[in-house]
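Please read the structure below before turning to the comments.
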Amino acid sequence: EYLNVYESNPDYLNIFVVVMENTNLHSPEYLEVALPLFCKAMSKLPVAALAKLARLWSRYDAAQMRRMMETFQQLITFTILSNEYDSDNLVNDDATVVAATKCLKVVLYASVLGVDLDPDHNEEEEEERDSDELTLQDLLGEDRLYGTGPRINLLEKELGVRTRDCTTPLIAVEDFITESVVEVVEMDKDFTFLQVDAESTFSFRTCPFIL
């Protein structure tokens, strides 16, 4: 209903800032209805708005940021435990899990932006990898086969920062791993969605931190 409202009214973003100040979002009365809808609305914000949220939240301290991370993780785990997934009902198709994962991505980048970045610390390693190694995709010619090139992380591009530019984010990257997702995602199908069907089906490899 409010899909395009941000373009005409940037103050719409304030809703997401204010709601995330609620320290009881992990309570059962929110987990079933309100928080899933909130995450779906947030995940549909344009990239510029998500970047603005990440920059704002990067000013928070680690404890505030961890609370937000754990809120989204709890929703993901609650949703997964409340459902049964199989080859005909994949977790990739669960709108709540997907939306909460996309929200978690914003918190991850806030955590990275919240500290001093060092974009040069791994330049040598990247140059060696670029010049010396062929990837499996190169060897198989997958870019030609599927018509795909390198995946562009739009939020990363908008922020002008990469997670690997940060050696010590406010929250350790491994804390974003969500075991409930790892246990139910079918990796072979998820990889196929990334390579072939990325526009219509979500792949958790676009948010690899969660794995």
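Quick note on naming: the chains in the structure tokens go A, B, ... in the order shown, residues restart at 1 in each chain, and ligands are numbered from 1 in order of appearance.
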
Discussion item. So that I can check the surroundings of A:Pro36, please list as number ranges by chain every protein, DNA and RNA residue that reaches within 10 Å of it, counting only C-alpha atoms and ignoring chain neighbours fewer than 3 positions away.
Written reply: A: 30-33, 39-42, 72, 75-76, 79, 95-97, 99-100

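Look at A:Lys189: the protein and nucleic acid residues within 9 Å of it, using only C-alpha atoms and passing over chain neighbours fewer than 4 places away, are Ser87, Val185, Phe193, Leu194 and Ser203 of chain A.
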
Write a file of the selected residues as a compact mmCIF listing (two decimals), in the first residue's frame, keeping N, CA, C and O atoms.
```
# COMPACT_ATOMS: atom_id res chain seq x y z
N SER A 87 11.29 -29.76 -0.43
CA SER A 87 11.64 -29.37 -1.80
C SER A 87 10.51 -28.63 -2.50
O SER A 87 10.73 -27.93 -3.49
N VAL A 185 18.08 -24.30 4.55
CA VAL A 185 18.26 -23.87 3.17
C VAL A 185 18.85 -25.02 2.35
O VAL A 185 19.74 -25.74 2.82
N PHE A 193 19.19 -20.55 -7.86
CA PHE A 193 18.43 -19.29 -7.87
C PHE A 193 19.36 -18.11 -8.09
O PHE A 193 19.01 -17.15 -8.80
N LEU A 194 20.54 -18.16 -7.50
CA LEU A 194 21.50 -17.07 -7.66
C LEU A 194 21.94 -16.96 -9.11
O LEU A 194 22.05 -15.86 -9.67
N SER A 203 17.85 -15.62 -3.26
CA SER A 203 18.95 -16.52 -2.91
C SER A 203 19.65 -15.97 -1.67
O SER A 203 20.02 -14.80 -1.62
```

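Neighbours of A:Glu84 closer than or equal to 12 Å, with only C-alpha atoms counted and sequence neighbours fewer than 4 positions away skipped, come out as A:Phe78, A:Thr79, A:Ile80, A:Asp88, A:Asn89, A:Leu90, A:Val91, A:Asp94, A:Glu183, A:Val184, A:Val185.
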
Output all heavy atoms for every residue in that selection, as a compact mmCIF listing (two decimals), in the first residue's frame.
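This is the output file result_6.txt:
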```txt
# COMPACT_ATOMS: atom_id res chain seq x y z
N PHE A 78 12.01 -17.89 14.74
CA PHE A 78 10.62 -18.16 15.14
C PHE A 78 9.81 -18.62 13.92
O PHE A 78 9.04 -19.59 14.00
CB PHE A 78 10.01 -16.90 15.74
CG PHE A 78 8.53 -17.00 16.03
CD1 PHE A 78 8.07 -17.62 17.18
CD2 PHE A 78 7.59 -16.49 15.13
CE1 PHE A 78 6.71 -17.72 17.44
CE2 PHE A 78 6.24 -16.59 15.39
CZ PHE A 78 5.78 -17.20 16.54
N THR A 79 9.99 -17.95 12.80
CA THR A 79 9.23 -18.29 11.59
C THR A 79 9.62 -19.66 11.07
O THR A 79 8.75 -20.47 10.69
CB THR A 79 9.48 -17.23 10.50
OG1 THR A 79 9.16 -15.94 11.02
CG2 THR A 79 8.64 -17.51 9.26
N ILE A 80 10.91 -19.96 11.07
CA ILE A 80 11.39 -21.26 10.57
C ILE A 80 10.88 -22.39 11.46
O ILE A 80 10.43 -23.43 10.96
CB ILE A 80 12.92 -21.26 10.46
CG1 ILE A 80 13.36 -20.39 9.27
CG2 ILE A 80 13.48 -22.68 10.32
CD1 ILE A 80 14.85 -20.21 9.14
N ASP A 88 9.27 -28.79 -2.01
CA ASP A 88 8.13 -28.08 -2.61
C ASP A 88 7.78 -26.81 -1.85
O ASP A 88 6.97 -26.01 -2.30
CB ASP A 88 6.91 -29.00 -2.64
CG ASP A 88 7.12 -30.20 -3.55
OD1 ASP A 88 7.74 -30.03 -4.62
OD2 ASP A 88 6.72 -31.32 -3.17
N ASN A 89 8.35 -26.65 -0.66
CA ASN A 89 8.08 -25.47 0.16
C ASN A 89 9.41 -24.99 0.72
O ASN A 89 9.79 -25.31 1.85
CB ASN A 89 7.11 -25.83 1.30
CG ASN A 89 6.81 -24.65 2.19
OD1 ASN A 89 6.76 -23.51 1.72
ND2 ASN A 89 6.62 -24.90 3.49
N LEU A 90 10.13 -24.22 -0.09
CA LEU A 90 11.49 -23.81 0.27
C LEU A 90 11.47 -22.58 1.18
O LEU A 90 10.58 -21.73 1.07
CB LEU A 90 12.30 -23.49 -0.98
CG LEU A 90 12.54 -24.65 -1.96
CD1 LEU A 90 13.17 -24.12 -3.25
CD2 LEU A 90 13.44 -25.71 -1.32
N VAL A 91 12.48 -22.49 2.03
CA VAL A 91 12.59 -21.31 2.90
C VAL A 91 12.84 -20.05 2.05
O VAL A 91 12.49 -18.94 2.46
CB VAL A 91 13.72 -21.52 3.94
CG1 VAL A 91 15.09 -21.54 3.28
CG2 VAL A 91 13.65 -20.46 5.04
N ASP A 94 9.69 -18.10 1.67
CA ASP A 94 9.03 -17.58 2.87
C ASP A 94 9.26 -16.07 2.94
O ASP A 94 10.37 -15.60 3.22
CB ASP A 94 9.59 -18.27 4.12
CG ASP A 94 8.77 -17.97 5.36
OD1 ASP A 94 8.48 -16.77 5.61
OD2 ASP A 94 8.39 -18.92 6.08
N GLU A 183 20.32 -24.57 8.61
CA GLU A 183 19.79 -25.93 8.74
C GLU A 183 18.73 -26.26 7.69
O GLU A 183 18.53 -27.42 7.35
CB GLU A 183 19.21 -26.12 10.14
CG GLU A 183 20.29 -26.19 11.22
CD GLU A 183 19.72 -26.16 12.62
OE1 GLU A 183 18.47 -26.23 12.75
OE2 GLU A 183 20.49 -26.06 13.59
N VAL A 184 18.02 -25.26 7.18
CA VAL A 184 16.89 -25.57 6.28
C VAL A 184 17.11 -25.17 4.82
O VAL A 184 16.39 -25.65 3.94
CB VAL A 184 15.57 -24.92 6.79
CG1 VAL A 184 15.17 -25.50 8.12
CG2 VAL A 184 15.69 -23.41 6.85
N VAL A 185 18.08 -24.30 4.55
CA VAL A 185 18.26 -23.87 3.17
C VAL A 185 18.85 -25.02 2.35
O VAL A 185 19.74 -25.74 2.82
CB VAL A 185 19.16 -22.61 3.08
CG1 VAL A 185 20.59 -22.92 3.52
CG2 VAL A 185 19.15 -22.02 1.69
```

Practice prompt. Skip A:Ser58 itself and residues of its chain fewer than 2 positions away, then list as a ChimeraX atom specification all residues within 10 Å of it, counting only C-alpha atoms.
Written response: /A:52-56,60-62,65,106-115,170

Response to the item:
Min atom-atom distance to A:Thr71 from the set A:Leu45, A:Leu159, A:Cys103, A:Ile210, counting only C-alpha atoms, belongs to A:Cys103

Discussion item. To test your reading of the structure, identify every residue in chain A that backbone DSSP assigns to alpha helix (DSSP H), and report it as a PyMOL selection string.
Written reply: chain A and resi 5-8+13-19+28-29+35-43+47-57+62-81+95-113+123-132+136-140+142-146+154-159+179-184+187-195

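For the choices A:Asn14, A:Gln195, A:Gln74, A:Asn153, the atom-to-atom distance to A:Pro28 is smallest for A:Gln74 when using only C-alpha atoms.
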
Worksheet item: Near A:Glu70, counting only C-alpha atoms, which residues have an atom at most 9 Å away, once you skip same-chain residues fewer than 6 positions from it, shown as an MDAnalysis selection string?
Response: chainID A and resid 26 104 176

Worksheet entry | Atomic separation - atom CA of A:Met69 relative to atom CA of A:Asn24, Å | 13.4 Å
